[in-house]
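Have a look at protein10.txt below; it lists compact mmCIF, C-alpha atoms.
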```
# COMPACT_ATOMS: atom_id res chain seq x y z
CA MET A 1 0.00 0.00 0.00
CA LYS A 2 1.21 3.46 -0.87
CA THR A 3 2.03 5.65 2.10
CA THR A 4 -0.05 8.81 2.32
CA ASP A 5 1.55 12.27 2.16
CA GLU A 6 0.73 12.82 5.79
CA GLY A 7 2.38 9.55 6.70
CA LEU A 8 5.51 10.59 4.83
CA VAL A 9 5.48 13.96 6.60
CA LYS A 10 5.25 12.15 9.89
CA ARG A 11 8.16 9.91 8.98
CA PHE A 12 10.21 12.90 7.89
CA LEU A 13 9.55 14.66 11.17
CA GLU A 14 10.72 11.50 12.93
CA GLY A 15 14.06 11.94 11.19
CA ASP A 16 13.77 10.09 7.89
CA GLN A 17 15.29 12.41 5.26
CA ASP A 18 14.32 10.19 2.33
CA SER A 19 10.62 10.59 2.97
CA PHE A 20 10.90 14.22 1.98
CA ASN A 21 12.53 13.21 -1.28
CA LEU A 22 9.68 10.78 -1.86
CA LEU A 23 7.22 13.58 -1.20
CA MET A 24 9.09 15.82 -3.58
CA TRP A 25 9.09 13.26 -6.39
CA ARG A 26 5.43 12.71 -5.86
CA TRP A 27 4.58 16.40 -6.06
CA GLU A 28 7.26 17.83 -8.30
CA LYS A 29 5.37 17.20 -11.53
CA PRO A 30 2.01 18.76 -10.59
CA LEU A 31 3.67 21.62 -8.73
CA TYR A 32 6.00 22.37 -11.62
CA GLN A 33 3.10 22.34 -14.08
CA PHE A 34 1.12 24.63 -11.84
CA ILE A 35 3.96 27.09 -11.46
CA TYR A 36 4.78 26.95 -15.15
CA ARG A 37 1.21 27.87 -15.96
CA MET A 38 1.38 30.71 -13.48
CA VAL A 39 4.67 32.25 -14.61
CA GLY A 40 5.03 30.98 -18.17
CA ASP A 41 8.72 30.31 -18.23
CA GLN A 42 10.39 26.94 -17.91
CA GLU A 43 13.52 28.00 -16.10
CA GLU A 44 11.74 30.42 -13.79
CA ALA A 45 9.17 27.75 -13.06
CA ARG A 46 11.86 25.22 -12.20
CA ASP A 47 13.58 27.70 -9.88
CA ILE A 48 10.36 28.69 -8.17
CA CYS A 49 9.38 25.05 -7.84
CA GLN A 50 12.66 24.15 -6.17
CA GLU A 51 12.50 27.22 -3.96
CA SER A 52 9.00 26.21 -2.89
CA PHE A 53 10.20 22.73 -1.94
CA LEU A 54 13.07 24.28 -0.03
CA ARG A 55 10.65 26.48 1.89
CA ALA A 56 8.48 23.48 2.60
CA TYR A 57 11.51 21.51 3.77
CA ARG A 58 12.56 24.28 6.11
CA SER A 59 9.21 24.93 7.63
CA LEU A 60 7.75 21.46 7.64
CA LYS A 61 8.13 21.42 11.41
CA GLY A 62 5.71 24.30 11.63
CA PHE A 63 3.23 22.54 9.33
CA ARG A 64 0.02 22.01 11.19
CA GLN A 65 -1.32 18.65 10.20
CA LYS A 66 -4.84 19.99 10.03
CA ALA A 67 -4.57 20.85 6.34
CA LYS A 68 -3.62 18.48 3.56
CA PHE A 69 0.06 18.48 2.68
CA SER A 70 -0.72 19.23 -0.97
CA SER A 71 -2.83 22.26 -0.06
CA TRP A 72 -0.04 23.55 2.09
CA LEU A 73 2.45 23.00 -0.73
CA TYR A 74 0.23 24.84 -3.19
CA LYS A 75 -0.06 27.68 -0.71
CA ILE A 76 3.72 27.99 -0.56
CA ALA A 77 3.96 27.85 -4.34
CA ILE A 78 1.31 30.56 -4.73
CA ASN A 79 3.22 32.80 -2.33
CA GLN A 80 6.42 32.15 -4.24
CA CYS A 81 4.72 33.04 -7.50
CA HIS A 82 3.49 36.29 -6.01
CA THR A 83 6.95 37.10 -4.76
CA TRP A 84 8.29 36.38 -8.22
CA GLY A 85 5.60 38.57 -9.77
CA ARG A 86 6.45 41.46 -7.50
CA LYS A 87 10.12 41.11 -8.35
CA ARG A 88 9.31 40.94 -12.05
CA ASN A 89 7.34 44.17 -11.85
CA ARG A 90 10.48 45.96 -10.73
CA ALA A 91 13.03 47.25 -13.20
CA ARG A 92 14.93 44.53 -15.01
CA VAL A 93 17.01 43.82 -18.04
CA ILE A 94 15.67 41.83 -20.96
CA SER A 95 17.15 41.16 -24.36
CA LEU A 96 16.11 43.31 -27.29
CA SER A 97 14.85 40.34 -29.27
CA GLU A 98 12.21 39.68 -26.62
CA ILE A 99 10.83 43.17 -27.04
CA ALA A 100 11.02 42.90 -30.81
CA ARG A 101 8.86 39.81 -30.67
CA GLY A 102 6.55 41.72 -28.38
CA ASP A 103 5.93 38.83 -26.06
CA GLU A 104 8.22 38.50 -23.15
CA TYR A 105 5.91 35.99 -21.55
CA ALA A 106 6.11 33.50 -24.38
CA PRO A 107 7.95 30.30 -23.57
CA ARG A 108 11.67 30.58 -23.91
CA GLU A 109 11.90 27.99 -26.64
CA GLU A 110 9.45 30.04 -28.69
CA ARG A 111 11.22 33.28 -28.04
CA GLU A 112 14.44 31.82 -29.24
CA GLY A 113 12.77 30.29 -32.25
CA ALA A 114 12.08 26.62 -32.68
CA SER A 115 15.16 25.04 -34.09
CA ASN A 116 13.55 21.96 -35.52
CA SER A 117 10.64 22.64 -37.86
CA PRO A 118 7.58 21.01 -36.30
CA PRO A 119 5.00 19.10 -38.34
CA GLU A 120 1.90 20.93 -39.50
CA ALA A 121 -0.48 19.51 -36.89
CA SER A 122 1.84 20.34 -34.05
CA LEU A 123 2.22 23.90 -35.34
CA GLN A 124 -1.52 24.39 -35.27
CA ARG A 125 -1.71 23.07 -31.79
CA ARG A 126 1.03 25.41 -30.72
CA GLU A 127 -0.83 28.37 -32.11
CA ARG A 128 -3.90 27.45 -30.13
CA GLU A 129 -1.80 26.93 -27.04
CA LEU A 130 -0.32 30.40 -27.42
CA MET A 131 -3.79 31.82 -27.82
CA VAL A 132 -4.94 30.22 -24.58
CA ARG A 133 -1.89 31.49 -22.75
CA GLN A 134 -2.33 35.03 -23.96
CA ALA A 135 -6.00 34.98 -23.11
CA LEU A 136 -5.22 33.71 -19.62
CA ASN A 137 -2.65 36.45 -19.20
CA CYS A 138 -5.35 39.03 -19.87
CA LEU A 139 -7.42 37.81 -16.91
CA PRO A 140 -7.17 39.30 -13.44
CA GLU A 141 -4.76 37.39 -11.26
CA LYS A 142 -7.44 36.08 -8.87
CA GLN A 143 -9.51 34.53 -11.65
CA ARG A 144 -6.49 33.11 -13.44
CA LEU A 145 -5.25 31.42 -10.28
CA ILE A 146 -8.58 29.74 -9.69
CA ILE A 147 -8.91 28.62 -13.32
CA ILE A 148 -5.44 27.07 -13.24
CA LEU A 149 -6.06 25.39 -9.89
CA LYS A 150 -9.38 23.97 -11.02
CA GLU A 151 -8.91 23.22 -14.68
CA TYR A 152 -5.33 22.01 -14.71
CA GLN A 153 -4.59 20.91 -11.17
CA GLY A 154 -8.02 19.39 -10.65
CA LEU A 155 -8.40 20.54 -7.07
CA LYS A 156 -11.82 20.30 -5.48
CA PHE A 157 -13.74 23.49 -4.78
CA SER A 158 -13.51 22.87 -1.07
CA GLU A 159 -9.72 22.53 -1.34
CA ILE A 160 -9.38 25.77 -3.31
CA ALA A 161 -11.61 27.54 -0.81
CA GLN A 162 -9.45 26.33 2.06
CA LEU A 163 -6.28 27.24 0.20
CA LEU A 164 -7.35 30.79 -0.56
CA ARG A 165 -9.26 31.21 2.70
CA ARG A 166 -12.37 32.26 0.86
CA PRO A 167 -15.87 30.79 0.97
CA GLU A 168 -16.63 28.17 -1.66
CA SER A 169 -19.32 30.36 -3.18
CA THR A 170 -16.73 33.10 -3.82
CA VAL A 171 -14.43 30.61 -5.50
CA LYS A 172 -17.24 29.35 -7.71
CA SER A 173 -18.43 32.79 -8.75
CA ARG A 174 -14.85 33.86 -9.49
CA LEU A 175 -14.34 30.78 -11.61
CA TYR A 176 -17.58 31.47 -13.44
CA ALA A 177 -16.65 35.11 -14.03
CA GLY A 178 -13.16 34.08 -15.14
CA LEU A 179 -14.40 31.48 -17.60
CA VAL A 180 -16.97 33.83 -19.10
CA ALA A 181 -14.35 36.58 -19.42
CA LEU A 182 -11.97 34.09 -20.99
CA SER A 183 -14.49 33.04 -23.60
CA ALA A 184 -15.01 36.70 -24.46
CA ILE A 185 -11.28 37.25 -24.83
CA LEU A 186 -10.88 34.12 -26.95
CA ALA A 187 -13.71 35.27 -29.20
CA SER A 188 -12.24 38.75 -29.68
CA PRO A 189 -10.49 39.36 -33.01
CA ALA A 190 -7.27 40.59 -31.40
CA VAL A 191 -6.54 37.18 -29.97
CA GLN A 192 -7.84 35.40 -33.03
CA GLN A 193 -5.23 37.16 -35.11
CA GLY A 194 -2.64 36.05 -32.69
CA ASN A 195 -1.67 39.55 -31.60
CA SER A 196 -0.10 39.43 -28.23
CA ALA A 197 -1.81 41.46 -25.60
CA ARG A 198 0.78 42.54 -23.10
CA SER A 199 -0.63 42.14 -19.69
CA GLN A 200 0.57 43.22 -16.33
CA ASN A 201 -1.72 40.98 -14.37
CA MET A 202 0.85 38.78 -12.79
CA GLY A 203 2.06 39.89 -9.47
CA GLY A 204 -0.70 42.32 -8.73
CA ARG A 205 -2.54 40.80 -5.80
CA MET B 1 -33.06 30.51 -6.62
CA ARG B 2 -31.85 33.33 -8.78
CA CYS B 3 -29.65 33.02 -11.86
CA LYS B 4 -26.66 34.19 -9.86
CA GLU B 5 -26.88 31.13 -7.63
CA TYR B 6 -27.34 28.89 -10.65
CA GLN B 7 -24.03 30.21 -11.96
CA GLN B 8 -22.28 28.56 -9.05
CA LEU B 9 -24.23 25.38 -9.56
CA LEU B 10 -23.38 25.46 -13.24
CA VAL B 11 -19.66 25.66 -12.52
CA SER B 12 -19.91 22.79 -10.07
CA TRP B 13 -21.85 20.79 -12.62
CA LEU B 14 -19.31 21.31 -15.39
CA TYR B 15 -16.57 20.11 -13.08
CA GLY B 16 -18.61 17.16 -11.90
CA GLU B 17 -19.14 18.20 -8.31
CA LEU B 18 -22.91 18.03 -8.06
CA SER B 19 -25.25 15.67 -6.28
CA ASP B 20 -27.99 13.97 -8.31
CA GLU B 21 -30.65 16.21 -6.89
CA GLU B 22 -28.73 19.38 -7.64
CA ARG B 23 -28.06 18.15 -11.16
CA LYS B 24 -31.80 17.68 -11.71
CA GLN B 25 -32.40 21.23 -10.47
CA MET B 26 -29.73 22.51 -12.80
CA GLU B 27 -31.04 20.69 -15.85
CA GLU B 28 -34.50 21.98 -15.12
CA HIS B 29 -33.23 25.52 -14.89
CA LEU B 30 -31.23 25.18 -18.10
CA SER B 31 -34.29 24.03 -19.98
CA ARG B 32 -36.01 27.25 -18.93
CA CYS B 33 -33.22 29.85 -18.93
CA SER B 34 -31.64 30.68 -22.27
CA HIS B 35 -29.06 32.99 -20.68
CA CYS B 36 -27.63 30.21 -18.58
CA ARG B 37 -27.77 27.82 -21.52
CA GLN B 38 -25.65 30.22 -23.54
CA ALA B 39 -23.21 30.64 -20.69
CA LYS B 40 -22.94 26.87 -20.36
CA GLU B 41 -22.05 26.47 -24.02
CA LYS B 42 -19.52 29.29 -23.86
CA ILE B 43 -17.86 27.79 -20.83
CA GLN B 44 -17.76 24.35 -22.38
CA GLN B 45 -16.04 25.79 -25.45
CA THR B 46 -13.59 27.66 -23.27
CA LYS B 47 -12.85 24.53 -21.31
CA ALA B 48 -12.15 22.70 -24.56
CA MET B 49 -9.75 25.47 -25.53
CA LEU B 50 -8.06 25.37 -22.16
CA GLU B 51 -7.39 21.68 -22.60
CA GLN B 52 -5.23 22.54 -25.61
CA TRP B 53 -2.52 23.88 -23.35
CA GLU B 54 -0.38 20.99 -22.34
CA VAL B 55 2.72 21.37 -20.29
CA GLU B 56 5.60 19.02 -20.66
CA GLU B 57 6.53 17.00 -17.68
CA PRO B 58 9.67 18.06 -15.88
CA THR B 59 12.69 16.30 -17.30
CA TRP B 60 14.49 16.34 -13.98
CA LYS B 61 14.06 14.94 -10.54
CA SER B 62 15.14 17.00 -7.57
CA VAL B 63 16.52 15.84 -4.27
CA ILE B 64 17.11 17.75 -1.09
CA LEU B 65 20.69 18.11 0.00
CA PRO B 66 20.38 18.55 3.74
CA GLY B 67 22.64 21.22 5.12
CA ARG B 68 23.03 23.32 8.17
CA GLU B 69 20.15 25.70 8.52
CA PRO B 70 20.50 28.78 10.65
CA ARG B 71 18.56 28.22 13.81
CA TRP B 72 16.74 31.52 13.79
CA ARG B 73 15.41 30.79 10.36
CA GLY B 74 12.35 29.03 11.65
CA TRP B 75 10.77 31.80 13.63
CA TYR B 76 12.24 34.50 11.45
CA TYR B 77 10.55 33.05 8.40
CA TRP B 78 7.39 32.50 10.32
CA LEU B 79 7.26 36.20 11.11
CA PHE B 80 8.76 37.87 8.08
CA GLY B 81 9.13 35.28 5.33
CA GLY B 82 5.53 34.22 5.07
CA ALA B 83 3.85 37.00 3.23
CA THR B 84 0.34 36.35 4.53
CA PRO B 85 -1.22 39.53 5.88
CA LEU B 86 -2.20 37.82 9.11
CA ARG B 87 1.40 36.98 9.94
CA ARG B 88 2.54 40.44 8.93
CA ALA B 89 -0.06 41.89 11.28
CA ALA B 90 0.99 39.46 14.01
CA SER B 91 4.65 40.39 13.71
CA VAL B 92 3.93 44.10 13.62
CA ALA B 93 1.66 43.76 16.65
CA MET B 94 4.33 41.81 18.49
CA MET B 95 6.97 44.42 17.76
CA VAL B 96 4.66 47.19 18.90
CA VAL B 97 3.99 45.31 22.13
CA VAL B 98 7.70 44.71 22.77
CA VAL B 99 8.65 48.31 22.07
CA GLY B 100 5.72 49.48 24.17
CA LEU B 101 6.78 47.31 27.10
CA VAL B 102 10.35 48.60 26.92
CA VAL B 103 9.22 52.21 26.81
CA PHE B 104 6.72 51.65 29.57
CA SER B 105 9.25 50.04 31.87
CA LEU B 106 11.74 52.81 31.11
CA LEU B 107 9.11 55.26 32.22
CA ASN B 108 8.99 53.43 35.53
CA LEU B 109 12.74 53.45 35.99
CA ARG B 110 13.65 54.29 39.57
CA VAL B 111 17.13 55.29 40.59
CA SER B 112 17.77 55.73 44.29
CA TYR B 113 20.85 56.76 46.21
CA ALA B 114 20.96 56.56 49.96
CA LYS B 115 24.03 56.52 52.23
CA GLY B 116 26.29 55.11 49.54
CA ASP B 117 23.83 52.46 48.37
CA PHE B 118 23.10 53.00 44.73
CA SER B 119 20.25 51.05 43.17
CA ILE B 120 18.31 51.05 39.92
CA GLY B 121 14.84 49.59 39.79
CA LEU B 122 13.09 48.79 36.52
CA SER B 123 9.53 47.72 36.93
CA LEU B 124 6.43 47.33 34.84
CA ILE B 125 4.30 48.41 37.75
CA PRO B 126 4.92 51.98 38.83
CA PRO B 127 6.68 52.14 42.24
CA ARG B 128 4.25 52.72 45.12
CA SER B 129 4.67 55.56 47.56
CA GLU B 130 6.14 54.60 50.92
CA VAL B 131 7.15 56.14 54.24
CA VAL B 132 10.85 56.25 54.95
CA ARG B 133 12.11 56.73 58.61
CA LEU B 134 14.96 59.17 58.61
CA GLY B 135 17.92 58.30 60.88
CA ILE B 136 18.59 61.19 63.39
CA ASP B 137 22.18 62.07 64.39
CA GLN B 138 21.80 62.44 68.21
CA GLU B 139 25.20 64.05 68.87
CA ALA B 140 24.79 66.72 66.23
CA PHE B 141 21.30 67.41 67.44
CA GLN B 142 22.49 67.91 71.05
CA GLN B 143 25.21 70.28 69.89
CA GLU B 144 22.70 72.21 67.84
CA LEU B 145 20.44 72.44 70.89
CA LEU B 146 23.31 73.68 73.08
CA ARG B 147 24.26 76.27 70.52
CA ALA B 148 20.71 77.52 70.44
CA GLN B 149 20.56 77.72 74.23
CA GLU B 150 23.85 79.66 74.34
CA ALA B 151 22.57 82.05 71.73
CA THR B 152 19.45 82.68 73.81
CA LEU B 153 21.54 83.33 76.94
CA ASP B 154 23.79 85.71 75.06
CA LEU B 155 20.83 87.62 73.72
CA THR B 156 19.35 87.93 77.24
CA ASN B 157 22.64 89.16 78.62
CA ARG B 158 22.96 91.74 75.94
CA LEU B 159 19.43 92.89 76.54
CA MET B 160 20.05 93.27 80.31
CA LEU B 161 23.29 95.08 79.66
CA ALA B 162 21.56 97.46 77.30
CA TYR B 163 18.89 98.08 79.93
CA HIS B 164 21.56 98.71 82.54
CA GLN B 165 23.47 101.08 80.33
CA LYS B 166 20.27 102.96 79.56
CA GLN B 167 19.63 103.41 83.31
CA GLN B 168 23.17 104.60 83.93
CA GLU B 169 22.92 107.02 81.03
CA ASP B 170 19.70 108.42 82.40
CA LEU B 171 21.28 108.85 85.84
CA ALA B 172 24.36 110.52 84.37
CA ILE B 173 22.18 112.91 82.39
CA ALA B 174 20.22 113.75 85.55
CA LEU B 175 23.45 114.37 87.51
CA GLN B 176 24.85 116.50 84.72
CA ARG B 177 21.71 118.56 84.72
CA LEU B 178 21.96 118.88 88.50
CA SER B 179 25.58 120.03 88.42
CA ALA B 180 24.78 122.51 85.66
CA GLN B 181 21.97 123.85 87.88
CA TRP B 182 24.37 124.13 90.73
CA GLN B 183 26.90 126.02 88.64
CA LEU B 184 24.19 128.39 87.47
CA LEU B 185 23.12 128.97 91.08
CA ARG B 186 26.72 129.51 92.07
CA ARG B 187 27.20 132.17 89.38
CA ALA B 188 23.97 133.87 90.46
CA ASP B 189 25.19 133.77 94.08
CA LEU B 190 28.38 135.55 93.12
CA GLU B 191 26.34 138.15 91.31
CA TYR B 192 24.05 138.66 94.33
CA ILE B 193 26.88 139.14 96.83
CA GLY B 194 27.03 142.77 96.01
CA ASP B 195 23.35 143.26 96.92
CA GLY B 196 23.76 142.84 100.64
CA PHE B 197 23.49 140.11 103.32
CA ASP B 198 19.70 140.08 103.71
CA THR B 199 19.16 139.53 100.04
CA ILE B 200 21.71 136.70 100.16
CA GLN B 201 19.97 135.10 103.12
CA GLN B 202 16.61 135.32 101.38
CA ARG B 203 18.01 133.89 98.16
CA THR B 204 19.85 131.09 99.97
CA TYR B 205 16.65 130.11 101.69
CA ARG B 206 14.81 130.10 98.35
CA ASP B 207 17.64 128.16 96.72
CA LEU B 208 17.67 125.59 99.49
CA GLN B 209 13.95 125.15 99.03
CA ARG B 210 14.45 124.68 95.24
CA THR B 211 17.30 122.22 95.83
CA ASN B 212 15.10 120.17 98.13
CA GLN B 213 12.42 120.19 95.50
CA LEU B 214 14.87 119.01 92.87
CA LEU B 215 16.24 116.28 95.13
CA ASN B 216 12.69 115.21 95.83
CA LEU B 217 12.05 115.00 92.08
CA VAL B 218 15.13 112.89 91.51
CA LEU B 219 14.09 110.55 94.32
CA ILE B 220 10.59 110.16 92.91
CA SER B 221 11.87 109.41 89.41
CA ALA B 222 14.35 106.88 90.77
CA GLN B 223 11.61 105.17 92.75
CA GLU B 224 9.35 105.03 89.70
CA GLU B 225 12.09 103.55 87.55
CA LYS B 226 12.65 100.92 90.21
CA LYS B 227 9.02 99.84 89.93
```

Produce structure tokens that represent the structure in this file.
Amino acid sequence: MKTTDEGLVKRFLEGDQDSFNLLMWRWEKPLYQFIYRMVGDQEEARDICQESFLRAYRSLKGFRQKAKFSSWLYKIAINQCHTWGRKRNRARVISLSEIARGDEYAPREEREGASNSPPEASLQRRERELMVRQALNCLPEKQRLIIILKEYQGLKFSEIAQLLRRPESTVKSRLYAGLVALSAILASPAVQQGNSARSQNMGGR
Amino acid sequence: MRCKEYQQLLVSWLYGELSDEERKQMEEHLSRCSHCRQAKEKIQQTKAMLEQWEVEEPTWKSVILPGREPRWRGWYYWLFGGATPLRRAASVAMMVVVVGLVVFSLLNLRVSYAKGDFSIGLSLIPPRSEVVRLGIDQEAFQQELLRAQEATLDLTNRLMLAYHQKQQEDLAIALQRLSAQWQLLRRADLEYIGDGFDTIQQRTYRDLQRTNQLLNLVLISAQEEKK
């Protein structure tokens, strides 16, 4: 039988270092995907993911076992993403080519240009993917976070509510508002043409 | 239920978190409400679009390399690292309380110095008033008393002396006046010699009478002064 997260936490607190590694392997994939969808950059996402695990490792002793371990981990990751967003809103240096392309939030591999020419079907899929990402970037941060948590991470409404410390009804209405807004953005011609809408949503709480 | 509440139900439905009964309610509402039906279709399309975005799985696997962590990190991060507003508020409140306590106890700082004993008291509760018995130096007090008594005696003496001197002065003045009277009489006598013996006798008698009167006066004044 597979040990539960809470069981692993308990074992780690009893002094078993490897249980934390087990926890990390179990949660690295979903957490990385979540963070990648939040920040939109592979390397940044990897750094933030590792930093989140480090924070969790350091403060696991203070983890109250009332909440689920995964919720707690998501909470840390969300905080890290906000910290990253605040930092990103400060002055920084970016390469000219990023500005020339007009989308500094596009994935790095796209910014640098795909080296191997992808097949036709994959190209179409990529275009749609980019459209979704740009549309999501246009949404307010609160709605985007809930959409990502629900749609991609598959958390239950009750879990999201606990995570964000909001009533479930608030979470649901935000998700509804976000999805409706998203459909409007996706239907708008600007996105259809593939023009990038620069957004400053990330990082503003 | 209003449409607004059905929006929440709709979202739950689309994500498969509805009980059978709620689902029936929802379906019933959808059959009646075209607005919600439209919204449902829109959201379903959006969801289909969202599914297009796939993220590659991480190509790495991380492990923790345990190292020495600074000991203060735990509580420091609890207070200042976690960016939740509640913790911020808690840390700010704690700092305010600590600073307040320090200031308050400094306000109640008591420094006392008595007979070479130097002491500093720092208390949260303000020091209460108390009665302190002063130690009296008996020897010095006696000397002081003696000095006061001597001063009183001296003053009395000087007063008596002054009184005495005043009396003597008065007496001397009286005697001077008397002798001056006598000299005057004497000069008059010498002047009257030429007028004949009878005149002298008469004058002498009158003078004797006046002298007796004067002596009487002196005696009376002396007696009165004595009283």

Which residues of chain B come within 8 Å of chain A, and for each one, what is the closest pair of atoms and their distance in Å to one decimal, counting only C-alpha atoms, sorted by chain and residue number, as JSON lines?
```
{"residue": "B:Gln7", "atom": "CA", "partner": "A:Tyr176", "partner_atom": "CA", "distance": 6.7}
{"residue": "B:Gln8", "atom": "CA", "partner": "A:Lys172", "partner_atom": "CA", "distance": 5.3}
{"residue": "B:Val11", "atom": "CA", "partner": "A:Tyr176", "partner_atom": "CA", "distance": 6.2}
{"residue": "B:Ser12", "atom": "CA", "partner": "A:Lys172", "partner_atom": "CA", "distance": 7.5}
{"residue": "B:Ala39", "atom": "CA", "partner": "A:Val180", "partner_atom": "CA", "distance": 7.2}
{"residue": "B:Lys42", "atom": "CA", "partner": "A:Ser183", "partner_atom": "CA", "distance": 6.3}
{"residue": "B:Ile43", "atom": "CA", "partner": "A:Leu179", "partner_atom": "CA", "distance": 6.0}
{"residue": "B:Gln45", "atom": "CA", "partner": "A:Ser183", "partner_atom": "CA", "distance": 7.6}
{"residue": "B:Thr46", "atom": "CA", "partner": "A:Ser183", "partner_atom": "CA", "distance": 5.5}
{"residue": "B:Lys47", "atom": "CA", "partner": "A:Glu151", "partner_atom": "CA", "distance": 7.8}
{"residue": "B:Met49", "atom": "CA", "partner": "A:Val132", "partner_atom": "CA", "distance": 6.8}
{"residue": "B:Leu50", "atom": "CA", "partner": "A:Val132", "partner_atom": "CA", "distance": 6.3}
{"residue": "B:Gln52", "atom": "CA", "partner": "A:Glu129", "partner_atom": "CA", "distance": 5.8}
{"residue": "B:Trp53", "atom": "CA", "partner": "A:Glu129", "partner_atom": "CA", "distance": 4.8}
{"residue": "B:Glu54", "atom": "CA", "partner": "A:Glu129", "partner_atom": "CA", "distance": 7.7}
{"residue": "B:Val55", "atom": "CA", "partner": "A:Gln33", "partner_atom": "CA", "distance": 6.3}
{"residue": "B:Glu56", "atom": "CA", "partner": "A:Gln33", "partner_atom": "CA", "distance": 7.8}
{"residue": "B:Glu57", "atom": "CA", "partner": "A:Lys29", "partner_atom": "CA", "distance": 6.3}
{"residue": "B:Pro58", "atom": "CA", "partner": "A:Lys29", "partner_atom": "CA", "distance": 6.2}
{"residue": "B:Lys61", "atom": "CA", "partner": "A:Trp25", "partner_atom": "CA", "distance": 6.7}
{"residue": "B:Ser62", "atom": "CA", "partner": "A:Trp25", "partner_atom": "CA", "distance": 7.2}
{"residue": "B:Val63", "atom": "CA", "partner": "A:Asn21", "partner_atom": "CA", "distance": 5.6}
{"residue": "B:Ile64", "atom": "CA", "partner": "A:Asn21", "partner_atom": "CA", "distance": 6.5}
{"residue": "B:Gly74", "atom": "CA", "partner": "A:Ser59", "partner_atom": "CA", "distance": 6.5}
{"residue": "B:Gly82", "atom": "CA", "partner": "A:Asn79", "partner_atom": "CA", "distance": 7.9}
{"residue": "B:Ala83", "atom": "CA", "partner": "A:Asn79", "partner_atom": "CA", "distance": 7.0}
```

Q | Point-to-point distance in Å for CA of Leu18 in chain B and CA of Tyr6 in chain B | A |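 We find that CA of Tyr6 in chain B and CA of Leu18 in chain B lie 12.0 Å from each other.
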
**Q.** Point (-32.5, 35.9, -14.4), cut-off 8 Å, counting all atoms listed in the file, residues as a ChimeraX atom specification
**A.** /B:2-4,33,35

Q: For Asp5 in chain A, work out the shell of residues within 9 Å, counting only C-alpha atoms and skipping chain neighbours fewer than 4 positions away, then give it as a list in words.
A: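 Once the adjacent positions are removed, what remains is Val9, Lys10, Leu23, Arg26, Lys68, Phe69 and Ser70 of chain A.
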
Q: Quote the spacing between CA of Ala77 in chain A and CA of Glu51 in chain A in Å to one decimal place.
A: 8.6 Å

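Non-sequential neighbours of range 159-175 of chain B (distance at most 12 Å, separation of 3 or more positions within a chain, all atoms listed in the file) are Thr152, Leu153, Asp154, Leu155, Thr156, Leu178, Ser179, Ala180, Gln181, Trp182, Leu214, Leu215, Leu217, Val218, Leu219, Ser221, Ala222, Glu225 and Lys226 of chain B.
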
Go ahead and write the residues just picked, C-alpha atoms, as a PDB file, keeping the file's coordinate frame.
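Output (result.pdb):
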```pdb
ATOM      1  CA  THR B 152      19.450  82.680  73.810  1.00  0.00           C
ATOM      2  CA  LEU B 153      21.540  83.330  76.940  1.00  0.00           C
ATOM      3  CA  ASP B 154      23.790  85.710  75.060  1.00  0.00           C
ATOM      4  CA  LEU B 155      20.830  87.620  73.720  1.00  0.00           C
ATOM      5  CA  THR B 156      19.350  87.930  77.240  1.00  0.00           C
ATOM      6  CA  LEU B 178      21.960 118.880  88.500  1.00  0.00           C
ATOM      7  CA  SER B 179      25.580 120.030  88.420  1.00  0.00           C
ATOM      8  CA  ALA B 180      24.780 122.510  85.660  1.00  0.00           C
ATOM      9  CA  GLN B 181      21.970 123.850  87.880  1.00  0.00           C
ATOM     10  CA  TRP B 182      24.370 124.130  90.730  1.00  0.00           C
ATOM     11  CA  LEU B 214      14.870 119.010  92.870  1.00  0.00           C
ATOM     12  CA  LEU B 215      16.240 116.280  95.130  1.00  0.00           C
ATOM     13  CA  LEU B 217      12.050 115.000  92.080  1.00  0.00           C
ATOM     14  CA  VAL B 218      15.130 112.890  91.510  1.00  0.00           C
ATOM     15  CA  LEU B 219      14.090 110.550  94.320  1.00  0.00           C
ATOM     16  CA  SER B 221      11.870 109.410  89.410  1.00  0.00           C
ATOM     17  CA  ALA B 222      14.350 106.880  90.770  1.00  0.00           C
ATOM     18  CA  GLU B 225      12.090 103.550  87.550  1.00  0.00           C
ATOM     19  CA  LYS B 226      12.650 100.920  90.210  1.00  0.00           C
TER      20      LYS B 226
END
```

To box range 153-169 of chain B, take all atoms listed in the file, fit an axis-aligned box, add 3 Å on each side, and give centre and edge lengths in Å to one decimal, as lines of an AutoDock Vina configuration file.
```
center_x = 21.3
center_y = 95.2
center_z = 78.8
size_x = 10.9
size_y = 29.7
size_z = 16.2
```

Q) By how many Å are CA of Glu17 in chain B and CA of Lys66 in chain A apart? A) 23.3 Å
